[in-house]
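Below: the structure, in structure tokens.
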Amino acid sequence: MKMDIYEPFQQVGMWGDSFKVDGGLNSIASPMLMVDTTVENKSEYIPQESREVSGADQETTNKDVIKMRRRLAQNREAARKSRLRKKAYVKQLESSRTKLLQLELEIGKARKQSLYMGTALDGSYIGSTSETINPGIVAFEIEYGQWVEEQQRRNEELRHAFQTQAPDVQLNVVIQSVLNHYSNLFRMKADAAKADVLYLLSGVWKASVERIFLWIGGSRPSQLLNIIVPQLEPLTDQQIVGIEKLCLSSQQAEDALSQGLEKLQQSLVHDMAVDPSGVGNFGLQMALAMDKFEALEGFVNQADHLRQETLLHMSRILSTHQAARGLLALGEYFHRLRTLCSLWSSRPCELA
Amino acid sequence: MHYQAAASWGSYVTPRNAVVGDPLERIERLASENAVVIFSMSTCCMCHAIKRLFCGMGVNPTVHELDEDPRGKDLERALMRLLGSSSVVPVVFIGGKLVGTMDRVMACHINGTLVPLLKEAGALWL
């Protein structure tokens, strides 16, 4: 009978050791396994207690020892389970935190998109207090919308003067106002580039169809010439030579800027490269990259400068009549691109 | 189309500065050594663009990288005074005469005055 009493004690000791080894009850093959050691299930021990016999003193001592050891085992198990629960809780917190950061990023992105692409007169975002709004860009968005409308009006004026065969003097006035209007655009773009050059380079502010032809924040000067030149017949021999030279020089200038920009992009990639040894000055890397963005601004400005000079020189080569025709064709071309864009975006979507 | 005529260089050199190794004198000297001289910085991508422009036209410019010159800082300061602006590179001299920075060179190329200038300096034959 004594043996029956003392065996379990030894096994309790083993139990405690096994907890330290792998924390699992599965490794112990023992009748005690059948007993749930949580505090709530004390009742299962009772039958064993009732099995105790021998002298009253020994009985009391044995009971106390049994109780104590049982309690210790229960505490250990409770502590273990508490640690496991805490671990699980922390893991859940961490993954929720990551998810939260991701969602915040997405919201920021979506907000930026809707801000930058929203209609100019939508007041709902102008009043927003988010710190990601760039006032320079908001201003550009609004001004560009107005610029496009004004462009339409000036083109209509040009067409009217052309069709009514207005005298050259009058035609020249309208031509000059159209050229000035383009200058206004380049000035606006320079301000926008200062505010956020990446925004300007992305072309999100342009109609989506126009973005197909994007070159450093706008159209290629050679493309502008391709639109205008076919409209200019008949040309004098001198004009033909002049236009050929202009086409060549604008192409060469374009290529030079493209190559310079490519070098900038390569150096940016190089700056951002992650050092495999893990040793690197993250702050310095970021600072170098930011400097490169300033250099980007220079390229956008030079590209716009090229566009402007090309238009100006073209108008100098041409007669008043030809210049009017050329600018009309240019304005009409962009108007059609924007119309095409509206048609495209309002086309019925195919149902899957 | 403006250039700095060689004679007007003198107005920049005060008697106090008229010593050998004066940066402006050095610039003038370097600019006269070749038909097309570009002052540049090796890290500047706009400088790369202007080099590509000239090479694309078949011109072989002489390039002085200011960041690789031991007295580059002095030259840079002198150019700043000459141009009256803080952005000095790239700056181009043709036939020893100052043409200007990227803006100027681009405008000259588009309006057709760059090629004659290059031919005159002997940098282009056609």
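Chains: A, B, ... in order of the structure tokens. Residues: from 1 per chain. Ligands: from 1, in order shown.
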At a cut-off of 6 Å, which residues of chain B touch chain A? Count only C-alpha atoms and give the answer as a list in words. Cys45, Met46, His48, Ala49, Arg52, Leu53, Ile110 and Asn111 of chain B
Please return, as a ChimeraX atom specification, all residues of stretch 78-275 of chain A that DSSP assigns to helix (DSSP H, G or I) on the basis of the backbone. /A:78-117,123-126,135-163,168-202,210-213,221-231,237-272
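Separating atom CA of B:Val63 from atom CA of B:Val37 is a distance of 5.9 Å.
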Near-stretch 25-36 of chain B list (6 Å; only C-alpha atoms; drop same-chain fewer than 5 positions) as a PyMOL selection string: chain B and resi 61+93-96+121+123
Would you mind listing what lies within 9 Å of B:Pro23 as a PDB file with N, CA, C and O atoms, in the first residue's frame, with only C-alpha atoms counted and same-chain residues fewer than 3 positions away left out?
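Done, and the output landed in out_38.pdb:
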```pdb
ATOM      1  N   VAL B  20      50.404  85.135 -61.700  1.00  0.00           N
ATOM      2  CA  VAL B  20      50.364  83.858 -62.411  1.00  0.00           C
ATOM      3  C   VAL B  20      49.527  82.893 -61.598  1.00  0.00           C
ATOM      4  O   VAL B  20      49.643  82.808 -60.376  1.00  0.00           O
ATOM      5  N   ARG B  26      43.566  81.462 -65.911  1.00  0.00           N
ATOM      6  CA  ARG B  26      43.706  80.034 -66.225  1.00  0.00           C
ATOM      7  C   ARG B  26      42.526  79.581 -67.084  1.00  0.00           C
ATOM      8  O   ARG B  26      42.690  78.825 -68.040  1.00  0.00           O
ATOM      9  N   ILE B  27      41.342  80.051 -66.736  1.00  0.00           N
ATOM     10  CA  ILE B  27      40.158  79.690 -67.523  1.00  0.00           C
ATOM     11  C   ILE B  27      40.313  80.184 -68.944  1.00  0.00           C
ATOM     12  O   ILE B  27      40.057  79.450 -69.908  1.00  0.00           O
ATOM     13  N   GLU B  28      40.741  81.429 -69.063  1.00  0.00           N
ATOM     14  CA  GLU B  28      40.924  82.003 -70.389  1.00  0.00           C
ATOM     15  C   GLU B  28      41.933  81.195 -71.191  1.00  0.00           C
ATOM     16  O   GLU B  28      41.730  80.907 -72.384  1.00  0.00           O
ATOM     17  N   ARG B  71      42.972  72.623 -58.348  1.00  0.00           N
ATOM     18  CA  ARG B  71      42.545  73.998 -58.106  1.00  0.00           C
ATOM     19  C   ARG B  71      41.140  74.240 -58.653  1.00  0.00           C
ATOM     20  O   ARG B  71      40.775  75.358 -58.994  1.00  0.00           O
ATOM     21  N   ASP B  74      38.843  76.995 -57.134  1.00  0.00           N
ATOM     22  CA  ASP B  74      39.128  78.371 -57.571  1.00  0.00           C
ATOM     23  C   ASP B  74      38.494  78.652 -58.921  1.00  0.00           C
ATOM     24  O   ASP B  74      37.902  79.717 -59.145  1.00  0.00           O
ATOM     25  N   LEU B  75      38.655  77.681 -59.821  1.00  0.00           N
ATOM     26  CA  LEU B  75      38.071  77.829 -61.159  1.00  0.00           C
ATOM     27  C   LEU B  75      36.561  77.971 -61.065  1.00  0.00           C
ATOM     28  O   LEU B  75      35.952  78.792 -61.759  1.00  0.00           O
ATOM     29  N   GLU B  76      35.970  77.150 -60.173  1.00  0.00           N
ATOM     30  CA  GLU B  76      34.523  77.192 -59.998  1.00  0.00           C
ATOM     31  C   GLU B  76      34.073  78.577 -59.552  1.00  0.00           C
ATOM     32  O   GLU B  76      33.105  79.128 -60.089  1.00  0.00           O
ATOM     33  N   ARG B  77      34.791  79.122 -58.576  1.00  0.00           N
ATOM     34  CA  ARG B  77      34.430  80.455 -58.066  1.00  0.00           C
ATOM     35  C   ARG B  77      34.568  81.509 -59.155  1.00  0.00           C
ATOM     36  O   ARG B  77      33.718  82.394 -59.288  1.00  0.00           O
ATOM     37  N   ALA B  78      35.638  81.401 -59.927  1.00  0.00           N
ATOM     38  CA  ALA B  78      35.862  82.363 -61.012  1.00  0.00           C
ATOM     39  C   ALA B  78      34.741  82.301 -62.036  1.00  0.00           C
ATOM     40  O   ALA B  78      34.246  83.329 -62.509  1.00  0.00           O
ATOM     41  N   LEU B  79      34.313  81.080 -62.366  1.00  0.00           N
ATOM     42  CA  LEU B  79      33.220  80.911 -63.325  1.00  0.00           C
ATOM     43  C   LEU B  79      31.930  81.486 -62.777  1.00  0.00           C
ATOM     44  O   LEU B  79      31.134  82.088 -63.508  1.00  0.00           O
TER      45      LEU B  79
END
```
